[in-house]
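Okay, structure_20.cif now, which holds mmCIF, C-alpha atoms:
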```
data_run
loop_
_atom_site.label_atom_id
_atom_site.label_comp_id
_atom_site.auth_asym_id
_atom_site.auth_seq_id
_atom_site.Cartn_x
_atom_site.Cartn_y
_atom_site.Cartn_z
CA MET S 1 15.48 17.41 7.03
CA GLU S 2 15.20 14.35 9.26
CA GLN S 3 17.40 11.30 8.81
CA LEU S 4 17.46 7.75 10.08
CA ILE S 5 20.82 6.73 11.53
CA ILE S 6 21.35 2.97 11.53
CA ARG S 7 24.36 1.07 12.84
CA GLY S 8 24.06 -2.30 11.21
CA GLN S 9 24.80 -5.95 11.83
CA ASN S 10 22.72 -6.29 14.98
CA ARG S 11 20.71 -9.50 14.91
CA LEU S 12 17.00 -8.68 15.27
CA VAL S 13 15.22 -10.84 17.81
CA GLY S 14 11.79 -10.60 19.42
CA ALA S 15 8.22 -9.85 18.41
CA VAL S 16 6.65 -7.01 16.44
CA HIS S 17 2.99 -6.02 16.20
CA ILE S 18 1.72 -5.14 12.72
CA SER S 19 -0.45 -2.04 12.30
CA GLY S 20 -3.59 -1.63 10.23
CA SER S 21 -3.25 -1.82 6.47
CA LYS S 22 -2.15 1.41 4.80
CA ASN S 23 -3.60 0.39 1.46
CA ALA S 24 -6.95 -0.52 3.01
CA ALA S 25 -7.09 2.59 5.19
CA VAL S 26 -6.52 5.01 2.32
CA ALA S 27 -9.43 3.42 0.43
CA ILE S 28 -11.82 2.98 3.35
CA ILE S 29 -11.48 6.56 4.63
CA PRO S 30 -12.71 8.03 1.29
CA ALA S 31 -15.29 5.23 1.05
CA ALA S 32 -16.90 6.69 4.18
CA LEU S 33 -17.90 9.63 1.95
CA CYS S 34 -20.42 7.35 0.26
CA VAL S 35 -22.80 7.42 3.23
CA ASP S 36 -24.73 10.44 4.45
CA GLY S 37 -23.91 9.43 7.99
CA VAL S 38 -21.24 8.42 10.49
CA CYS S 39 -18.60 5.67 10.38
CA LEU S 40 -16.24 4.50 13.10
CA ILE S 41 -13.00 3.10 11.66
CA GLU S 42 -10.75 1.06 13.97
CA ASN S 43 -7.17 -0.20 13.61
CA LEU S 44 -6.07 2.80 11.56
CA PRO S 45 -2.30 3.04 11.06
CA VAL S 46 -0.62 6.19 12.35
CA ILE S 47 1.07 7.25 9.10
CA GLU S 48 1.41 10.40 7.02
CA ASP S 49 -0.80 9.16 4.18
CA VAL S 50 -3.72 8.87 6.60
CA VAL S 51 -3.05 12.40 7.90
CA SER S 52 -3.00 13.80 4.35
CA LEU S 53 -6.21 12.01 3.46
CA ILE S 54 -8.02 13.26 6.55
CA ASP S 55 -6.91 16.80 5.66
CA ALA S 56 -8.36 16.36 2.16
CA MET S 57 -11.63 15.03 3.58
CA THR S 58 -11.87 17.87 6.10
CA ALA S 59 -11.44 20.42 3.31
CA ILE S 60 -14.73 19.32 1.70
CA GLY S 61 -16.71 19.36 4.94
CA VAL S 62 -16.20 15.91 6.46
CA ALA S 63 -15.85 15.93 10.25
CA CYS S 64 -13.01 13.59 11.25
CA THR S 65 -12.47 13.03 14.99
CA TYR S 66 -9.97 10.69 16.61
CA ILE S 67 -11.51 8.61 19.41
CA ASP S 68 -8.06 7.26 20.18
CA GLU S 69 -4.78 6.94 18.29
CA HIS S 70 -6.10 4.20 16.01
CA THR S 71 -9.86 4.90 15.91
CA LEU S 72 -11.41 7.57 13.71
CA ARG S 73 -14.98 8.84 13.63
CA ILE S 74 -15.93 10.06 10.14
CA ASP S 75 -19.09 12.15 9.80
CA SER S 76 -19.89 12.81 6.14
CA ARG S 77 -23.23 14.53 6.67
CA GLY S 78 -21.68 17.98 6.35
CA VAL S 79 -20.07 17.64 2.92
CA HIS S 80 -20.52 21.08 1.40
CA THR S 81 -18.74 20.74 -1.94
CA THR S 82 -17.90 18.18 -4.59
CA THR S 83 -14.70 20.06 -5.46
CA ALA S 84 -11.66 18.42 -3.89
CA VAL S 85 -8.59 20.36 -4.94
CA SER S 86 -6.76 21.03 -1.65
CA GLU S 87 -2.98 20.73 -1.38
CA SER S 88 -3.41 17.47 0.54
CA MET S 89 -4.88 15.87 -2.59
CA SER S 90 -1.54 16.15 -4.38
CA LYS S 91 0.47 14.52 -1.60
CA MET S 92 -0.63 10.93 -2.15
CA ARG S 93 -1.81 8.59 -4.86
CA ALA S 94 -4.89 7.24 -3.08
CA SER S 95 -6.56 10.67 -2.91
CA TYR S 96 -8.21 9.72 -6.21
CA TYR S 97 -10.65 7.50 -4.30
CA ILE S 98 -12.39 10.71 -3.23
CA ALA S 99 -13.37 11.11 -6.89
CA GLY S 100 -15.17 7.76 -7.06
CA ALA S 101 -16.91 8.29 -3.73
CA LEU S 102 -18.16 11.80 -4.57
CA LEU S 103 -19.25 10.77 -8.05
CA GLY S 104 -21.19 7.82 -6.67
CA ARG S 105 -22.97 9.82 -3.97
CA PHE S 106 -23.48 13.20 -5.66
CA LYS S 107 -23.14 12.33 -9.38
CA LYS S 108 -20.56 15.10 -9.69
CA VAL S 109 -16.93 15.69 -8.74
CA GLU S 110 -13.95 17.93 -9.44
CA CYS S 111 -10.82 16.30 -8.04
CA ALA S 112 -7.15 17.32 -8.19
CA LEU S 113 -4.96 14.70 -9.80
CA PRO S 114 -3.05 12.70 -7.19
CA GLY S 115 0.59 12.73 -6.14
CA GLY S 116 2.46 10.08 -4.15
CA CYS S 117 5.50 8.03 -5.07
CA ASN S 118 6.96 8.54 -8.53
CA PHE S 119 8.17 5.22 -9.90
CA GLY S 120 6.66 5.02 -13.32
CA LEU S 121 3.58 5.96 -15.29
CA ARG S 122 0.36 5.07 -13.47
CA PRO S 123 -2.36 6.62 -15.62
CA LEU S 124 -6.00 7.11 -14.70
CA ASP S 125 -7.34 5.83 -18.01
CA LEU S 126 -8.98 2.76 -16.45
CA HIS S 127 -10.62 4.89 -13.76
CA ILE S 128 -12.00 7.21 -16.45
CA LYS S 129 -13.11 4.25 -18.56
CA GLY S 130 -15.08 2.95 -15.59
CA PHE S 131 -16.70 6.28 -14.77
CA GLU S 132 -17.71 6.79 -18.40
CA ALA S 133 -19.14 3.28 -18.65
CA LEU S 134 -21.40 4.12 -15.71
CA GLY S 135 -22.71 7.14 -17.59
CA ALA S 136 -20.50 10.01 -16.43
CA SER S 137 -18.91 12.56 -18.75
CA VAL S 138 -15.26 12.97 -17.76
CA THR S 139 -12.72 15.66 -18.64
CA LEU S 140 -9.17 16.41 -17.53
CA ALA S 141 -7.95 20.02 -17.46
CA ASP S 142 -5.23 21.88 -15.56
CA GLY S 143 -4.51 18.95 -13.25
CA VAL S 144 -8.17 18.42 -12.30
CA LEU S 145 -10.46 15.51 -13.12
CA MET S 146 -14.08 16.56 -13.65
CA ALA S 147 -16.89 14.03 -13.87
CA GLU S 148 -20.64 14.49 -13.91
CA ALA S 149 -23.71 12.40 -14.65
CA GLU S 150 -27.46 12.95 -14.56
CA ARG S 151 -27.72 9.32 -13.48
CA LEU S 152 -25.31 6.42 -13.07
CA VAL S 153 -26.34 3.12 -14.61
CA GLY S 154 -24.72 -0.26 -14.03
CA ALA S 155 -22.46 -1.53 -16.80
CA GLN S 156 -20.11 -4.36 -17.70
CA ILE S 157 -16.55 -3.05 -17.41
CA TYR S 158 -13.46 -4.99 -18.49
CA LEU S 159 -10.16 -3.76 -17.07
CA ASP S 160 -7.27 -4.16 -19.51
CA ILE S 161 -4.97 -4.42 -16.47
CA ALA S 162 -6.03 -5.73 -13.07
CA SER S 163 -5.65 -2.27 -11.55
CA VAL S 164 -6.18 -1.99 -7.80
CA GLY S 165 -7.00 1.72 -7.95
CA ALA S 166 -9.45 1.40 -10.82
CA THR S 167 -11.18 -1.59 -9.24
CA ILE S 168 -11.78 0.29 -5.99
CA ASN S 169 -12.76 3.57 -7.67
CA ILE S 170 -15.33 1.85 -9.89
CA MET S 171 -16.78 0.05 -6.85
CA LEU S 172 -17.17 3.40 -5.07
CA ALA S 173 -18.83 5.04 -8.05
CA ALA S 174 -21.14 2.08 -8.74
CA ILE S 175 -22.72 1.41 -5.34
CA TYR S 176 -25.63 3.80 -6.04
CA ALA S 177 -25.81 3.11 -9.79
CA GLU S 178 -29.06 1.74 -11.17
CA GLY S 179 -28.90 -1.96 -11.90
CA THR S 180 -25.80 -4.12 -11.71
CA THR S 181 -22.18 -3.27 -12.48
CA VAL S 182 -19.79 -6.09 -13.36
CA ILE S 183 -16.03 -5.49 -13.16
CA GLU S 184 -14.13 -8.13 -15.13
CA ASN S 185 -10.40 -8.74 -14.69
CA ALA S 186 -10.74 -7.02 -11.33
CA ALA S 187 -7.74 -6.84 -9.00
CA LYS S 188 -7.84 -9.29 -6.09
CA GLU S 189 -5.58 -7.71 -3.45
CA PRO S 190 -6.56 -8.06 0.24
CA HIS S 191 -7.32 -4.35 0.60
CA ILE S 192 -9.87 -4.60 -2.22
CA VAL S 193 -11.67 -7.28 -0.24
CA ASP S 194 -11.43 -5.13 2.89
CA THR S 195 -12.88 -2.09 1.10
CA ALA S 196 -15.73 -4.18 -0.31
CA ASN S 197 -16.44 -5.63 3.14
CA PHE S 198 -16.60 -2.11 4.57
CA LEU S 199 -18.99 -0.95 1.86
CA ASN S 200 -21.18 -4.00 2.45
CA MET S 201 -21.25 -3.15 6.16
CA LEU S 202 -22.60 0.25 5.08
CA GLY S 203 -25.38 -1.52 3.16
CA ALA S 204 -23.86 -1.86 -0.31
CA ASN S 205 -24.34 -5.04 -2.33
CA ILE S 206 -20.94 -6.16 -3.60
CA LYS S 207 -20.14 -9.78 -4.43
CA GLY S 208 -16.99 -11.42 -5.74
CA ALA S 209 -14.32 -9.19 -4.19
CA GLY S 210 -11.13 -11.22 -4.08
CA THR S 211 -11.93 -12.85 -7.43
CA ASP S 212 -11.48 -11.47 -10.92
CA VAL S 213 -15.19 -10.73 -11.35
CA ILE S 214 -16.90 -8.29 -8.97
CA ARG S 215 -20.64 -7.60 -9.14
CA ILE S 216 -22.12 -4.45 -7.59
CA SER S 217 -25.91 -4.21 -7.38
CA GLY S 218 -26.92 -0.61 -6.87
CA VAL S 219 -28.69 0.41 -3.66
CA ASP S 220 -30.75 3.47 -2.75
CA LYS S 221 -29.30 4.18 0.67
CA LEU S 222 -26.40 3.35 2.98
CA HIS S 223 -26.26 3.47 6.77
CA ASP S 224 -23.77 4.05 9.61
CA CYS S 225 -21.34 1.33 10.62
CA GLU S 226 -18.26 0.42 12.66
CA TYR S 227 -15.39 -1.34 10.93
CA THR S 228 -11.93 -2.71 11.79
CA ILE S 229 -9.20 -2.52 9.13
CA ILE S 230 -7.16 -5.63 8.33
CA PRO S 231 -3.43 -5.88 9.22
CA ASP S 232 -0.90 -4.45 6.80
CA GLN S 233 0.40 -7.12 4.45
CA ILE S 234 3.34 -5.01 3.27
CA GLU S 235 4.47 -3.88 6.73
CA ALA S 236 4.36 -7.53 7.83
CA GLY S 237 6.44 -8.55 4.83
CA THR S 238 8.96 -5.80 5.50
CA TYR S 239 9.63 -7.09 9.01
CA MET S 240 9.79 -10.69 7.80
CA ILE S 241 12.46 -9.64 5.31
CA ALA S 242 14.27 -7.60 7.98
CA ALA S 243 14.45 -10.74 10.13
CA ALA S 244 16.17 -12.58 7.30
CA ALA S 245 18.51 -9.70 6.40
CA SER S 246 19.76 -9.42 9.99
CA ARG S 247 20.00 -13.22 10.29
CA GLY S 248 17.56 -12.81 13.14
CA ASP S 249 14.56 -14.51 14.74
CA ILE S 250 11.36 -12.44 14.69
CA VAL S 251 7.75 -13.28 15.45
CA VAL S 252 5.54 -11.01 13.34
CA ASN S 253 2.21 -10.71 15.16
CA ASN S 254 -1.23 -9.51 14.05
CA LEU S 255 -1.10 -10.54 10.41
CA ILE S 256 -3.08 -12.80 8.10
CA PRO S 257 -0.68 -15.64 7.14
CA LYS S 258 -2.53 -16.39 3.89
CA HIS S 259 -1.70 -12.88 2.65
CA MET S 260 2.00 -13.67 3.07
CA ASP S 261 2.12 -16.96 1.13
CA SER S 262 4.20 -15.72 -1.81
CA LEU S 263 6.82 -14.15 0.49
CA SER S 264 6.87 -17.08 2.93
CA ALA S 265 7.55 -19.42 0.01
CA LYS S 266 10.50 -17.33 -1.20
CA LEU S 267 12.02 -16.97 2.29
CA THR S 268 11.77 -20.73 2.73
CA GLU S 269 13.43 -21.22 -0.66
CA MET S 270 16.24 -18.93 0.53
CA ASN S 271 16.89 -21.24 3.52
CA CYS S 272 14.94 -19.34 6.20
CA THR S 273 12.72 -21.20 8.63
CA VAL S 274 9.17 -19.87 8.39
CA THR S 275 6.61 -21.01 10.97
CA GLU S 276 2.95 -19.98 10.72
CA GLY S 277 0.29 -19.65 13.42
CA ASP S 278 -3.26 -18.40 13.32
CA ASP S 279 -2.24 -14.72 13.35
CA PHE S 280 1.56 -14.74 13.39
CA ILE S 281 4.58 -15.83 11.37
CA ARG S 282 8.01 -16.55 12.85
CA VAL S 283 11.03 -16.05 10.59
CA GLN S 284 14.42 -17.48 11.58
CA ALA S 285 17.57 -17.06 9.52
CA ASP S 286 20.50 -18.76 11.21
CA GLY S 287 22.71 -19.71 8.28
CA PRO S 288 23.76 -18.64 4.79
CA LEU S 289 20.93 -17.66 2.44
CA SER S 290 20.54 -18.83 -1.14
CA ALA S 291 19.77 -16.71 -4.19
CA VAL S 292 16.25 -16.94 -5.67
CA ASN S 293 14.38 -15.47 -8.60
CA ILE S 294 11.49 -13.07 -8.00
CA GLN S 295 8.79 -11.92 -10.41
CA THR S 296 6.26 -9.42 -9.15
CA MET S 297 2.64 -10.12 -10.01
CA PHE S 298 -0.82 -9.04 -9.01
CA TYR S 299 -2.18 -10.80 -5.92
CA PRO S 300 -1.81 -13.65 -5.05
CA GLY S 301 1.56 -13.35 -6.75
CA PHE S 302 4.63 -11.68 -5.25
CA PRO S 303 3.72 -8.05 -4.36
CA THR S 304 5.43 -5.23 -6.20
CA ASP S 305 5.36 -3.35 -2.88
CA LEU S 306 7.80 -5.92 -1.43
CA GLN S 307 10.13 -6.02 -4.43
CA PRO S 308 12.57 -3.33 -3.22
CA GLN S 309 12.78 -4.88 0.25
CA ILE S 310 13.51 -8.41 -0.92
CA SER S 311 16.05 -7.05 -3.41
CA SER S 312 17.99 -5.62 -0.45
CA LEU S 313 17.88 -9.04 1.19
CA LEU S 314 19.09 -10.74 -1.98
CA THR S 315 22.28 -8.65 -1.97
CA THR S 316 23.27 -10.72 1.10
CA ALA S 317 22.40 -14.12 -0.42
CA HIS S 318 24.85 -16.52 -2.10
CA GLY S 319 24.55 -16.62 -5.87
CA THR S 320 22.80 -14.65 -8.59
CA SER S 321 19.17 -13.62 -8.17
CA LEU S 322 16.99 -12.25 -10.96
CA VAL S 323 14.23 -9.82 -9.97
CA THR S 324 11.65 -9.05 -12.64
CA GLU S 325 9.21 -6.17 -12.13
CA THR S 326 6.01 -6.64 -14.14
CA VAL S 327 3.74 -4.10 -12.40
CA PHE S 328 5.53 -0.71 -12.36
CA GLY S 329 8.05 0.20 -15.01
CA SER S 330 10.45 2.38 -13.02
CA ARG S 331 10.62 0.70 -9.66
CA PHE S 332 14.39 0.19 -9.59
CA GLN S 333 15.23 3.81 -8.72
CA TYR S 334 16.51 2.66 -5.32
CA VAL S 335 19.23 0.51 -6.93
CA ASN S 336 21.72 3.38 -7.18
CA GLU S 337 21.40 3.90 -3.43
CA LEU S 338 22.05 0.21 -2.73
CA ARG S 339 25.11 0.39 -4.96
CA LYS S 340 26.47 3.17 -2.73
CA LEU S 341 26.42 0.61 0.10
CA GLY S 342 28.33 -1.87 -2.04
CA ALA S 343 25.54 -3.92 -3.65
CA HIS S 344 26.26 -5.62 -7.00
CA ILE S 345 23.12 -5.04 -9.05
CA THR S 346 22.71 -4.71 -12.82
CA VAL S 347 19.43 -3.38 -14.17
CA GLU S 348 18.22 -3.92 -17.69
CA GLY S 349 14.71 -2.74 -18.43
CA ARG S 350 12.32 -4.35 -15.97
CA ALA S 351 14.84 -6.89 -14.64
CA ALA S 352 17.64 -6.67 -12.09
CA ALA S 353 20.43 -9.20 -11.63
CA ILE S 354 21.73 -9.25 -8.05
CA GLU S 355 25.09 -10.84 -7.26
CA GLY S 356 25.70 -11.86 -3.70
CA PRO S 357 26.76 -11.90 -1.06
CA ALA S 358 27.97 -8.31 -1.24
CA ARG S 359 29.87 -6.62 1.54
CA LEU S 360 27.57 -3.73 2.46
CA ILE S 361 29.25 -0.77 4.17
CA GLY S 362 27.30 2.12 5.66
CA THR S 363 27.22 5.52 4.00
CA SER S 364 24.72 8.33 3.28
CA ILE S 365 21.82 7.31 1.06
CA THR S 366 18.42 8.76 0.18
CA ALA S 367 14.96 7.22 -0.07
CA THR S 368 13.32 7.76 -3.47
CA ASP S 369 9.85 6.49 -2.54
CA LEU S 370 8.00 4.68 0.25
CA ARG S 371 9.01 1.06 -0.38
CA ALA S 372 12.45 2.10 -1.60
CA GLY S 373 12.90 3.73 1.79
CA ALA S 374 12.03 0.46 3.50
CA SER S 375 14.53 -1.37 1.30
CA LEU S 376 17.29 1.02 2.37
CA VAL S 377 16.44 0.44 6.04
CA ILE S 378 16.78 -3.31 5.48
CA ALA S 379 20.10 -2.90 3.66
CA ALA S 380 21.38 -0.62 6.44
CA LEU S 381 20.45 -3.24 9.05
CA ALA S 382 22.69 -5.70 7.20
CA ALA S 383 25.56 -3.26 6.50
CA GLU S 384 28.75 -2.70 8.43
CA GLY S 385 29.06 0.63 10.22
CA GLU S 386 26.72 3.61 10.13
CA THR S 387 24.20 4.42 7.43
CA CYS S 388 22.34 7.74 7.18
CA ILE S 389 19.05 7.60 5.28
CA GLY S 390 17.55 10.86 4.02
CA ASN S 391 14.02 11.65 2.81
CA VAL S 392 12.50 9.91 5.82
CA LYS S 393 9.17 11.53 4.85
CA TYR S 394 8.68 8.74 2.33
CA ILE S 395 9.05 6.04 4.98
CA ASP S 396 6.68 7.86 7.33
CA ARG S 397 4.01 7.75 4.63
CA GLY S 398 3.49 4.04 5.17
CA TYR S 399 5.22 2.72 8.31
CA GLU S 400 3.90 3.42 11.78
CA ASP S 401 6.56 4.05 14.40
CA ILE S 402 9.26 2.15 12.50
CA VAL S 403 12.09 3.42 14.71
CA ARG S 404 10.51 2.20 17.95
CA LYS S 405 9.50 -1.15 16.46
CA LEU S 406 13.02 -1.83 15.17
CA GLN S 407 14.62 -0.63 18.42
CA GLU S 408 12.49 -3.11 20.38
CA LEU S 409 13.82 -5.87 18.12
CA GLY S 410 17.41 -4.86 18.87
CA ALA S 411 18.25 -2.55 16.00
CA ASP S 412 20.59 0.40 16.59
CA ILE S 413 18.44 3.02 14.90
CA THR S 414 17.65 6.66 15.75
CA ARG S 415 15.94 9.57 14.09
CA ARG S 416 17.56 13.00 14.02
#
```
Do you think you could lay out the structure here as structure tokens?
Amino acid sequence: MEQLIIRGQNRLVGAVHISGSKNAAVAIIPAALCVDGVCLIENLPVIEDVVSLIDAMTAIGVACTYIDEHTLRIDSRGVHTTTAVSESMSKMRASYYIAGALLGRFKKVECALPGGCNFGLRPLDLHIKGFEALGASVTLADGVLMAEAERLVGAQIYLDIASVGATINIMLAAIYAEGTTVIENAAKEPHIVDTANFLNMLGANIKGAGTDVIRISGVDKLHDCEYTIIPDQIEAGTYMIAAAASRGDIVVNNLIPKHMDSLSAKLTEMNCTVTEGDDFIRVQADGPLSAVNIQTMFYPGFPTDLQPQISSLLTTAHGTSLVTETVFGSRFQYVNELRKLGAHITVEGRAAAIEGPARLIGTSITATDLRAGASLVIAALAAEGETCIGNVKYIDRGYEDIVRKLQELGADITRR
């Protein structure tokens, strides 16, 4: 099993280029199923989740061809089944978008329940509620979701929680539905906007993405398109936090600064210097950092996907920080690994109190999920001595070429 070996306390300096958004890519690739045609997707990240999703698409007859490392041609004209139960389906959470896309296009789907990171209950009840509201009958049996409808008809759907997955899946299912579908209390994350923009490029009629009310007017037909995926908000945030943890000076290129507002505000509050340009942010951390309180929220609040990373940073700050997780109930599984490095963290329910600055000393630790893995990398960059991080497969799910990117910033990091 591969490990990352990091010798810490090297100040990171330089520039890093952010890849395409993981969360947008894993929605847009299945969304290409909605058209009986060909899509060209550019700025794809080179990550394991994309590989798994392409495998799942190929298994149902989609022809996926790489034009270059970051450009994928998706030809959905050869789909030969609405049954998506391959092993690849169970490797990642976002495989459930195949269900919405197949249901919308063919009015029928059998889809294996998804896998991915395990950090708390993330049920599909809102997805099912949406499918049923559109007129589908839905059953769950033996790890498979089955949905079928003679016709899909637009409906008004209120989401009890602003679920990203349910919002996207309902959009996919509703684009061919008769009439208008209204999603209330919709999630507003950037990758929802990106997915809606892609579908509109295909000929869908979606308005309001990025607000809490999305309206989808059904269409009869979609057409081919070319589309470029937005930069990855979470990868950008991870490198911004790494700059602060190493007391470094990093220019993070190819991002959308507006997407980073909640993080930029917290880094500034911690005594970092944050400078924004049109498509870059520079983070400088020359002196002692101050403790801050963090509460994760749906966008535009502080992202749950950056909570583990900033918690690692807060172990190096002066004072007591309180981190409250409001999105996923079991997202503090990484805390035990940080404690092995010497972090002082107390968890009670959905809140963690972090006392700093702690003296972090390298040891062997293990990633428990994707963003937890990133948090351990950040802690290892700040720690004395050598840290060995296991379960690198989690990190590879969402970070393109992380070893090379950190090496070019001055980190002492290798994979073995």
#### Entry: Length of the atom CA of S:Gly390 to atom CA of S:Arg7 vector [Å]
14.8 Å
### Message
Can you translate the PyMOL selection byres ((chain S and resi 318) around 12) into the concrete residues it hits in this file, as a ChimeraX atom specification?
### Response
/S:270-271,287-292,313-317,319-321,354-359
### Message
When you look at S:Ser52 with a cut-off of 12 Å (counting only C-alpha atoms), what residues show up, excluding the ones that are within fewer than 5 positions of it in the same chain? I need them as a VMD selection string.
### Response
chain S and resid 25 to 26 29 to 30 46 to 47 57 to 59 86 to 95 114 to 116 396 to 398
### Separation of atom CA of S:Asp49 from atom CA of S:Leu341 in Å
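It comes out at 28.8 Å.
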### Query
From the set S:Gly100, S:Gly61, S:Gly179, S:Pro190, which residue has the shortest atom-to-atom contact distance to S:Phe298, counting all atoms listed in the file?
S:Pro190
#### Entry: Exercise: stretch 251-261 of chain S partners within 8 Å, all atoms listed in the file, chain neighbours under 6 positions left out, as a PyMOL selection string
chain S and resi 14-19+190+231-233+236-237+239-240+276-283+300
### Query
Within 8 Å of (27.9, 6.1, 9.2), all atoms listed in the file: residues as a ChimeraX atom specification?
/S:5-7,362-364,385-388
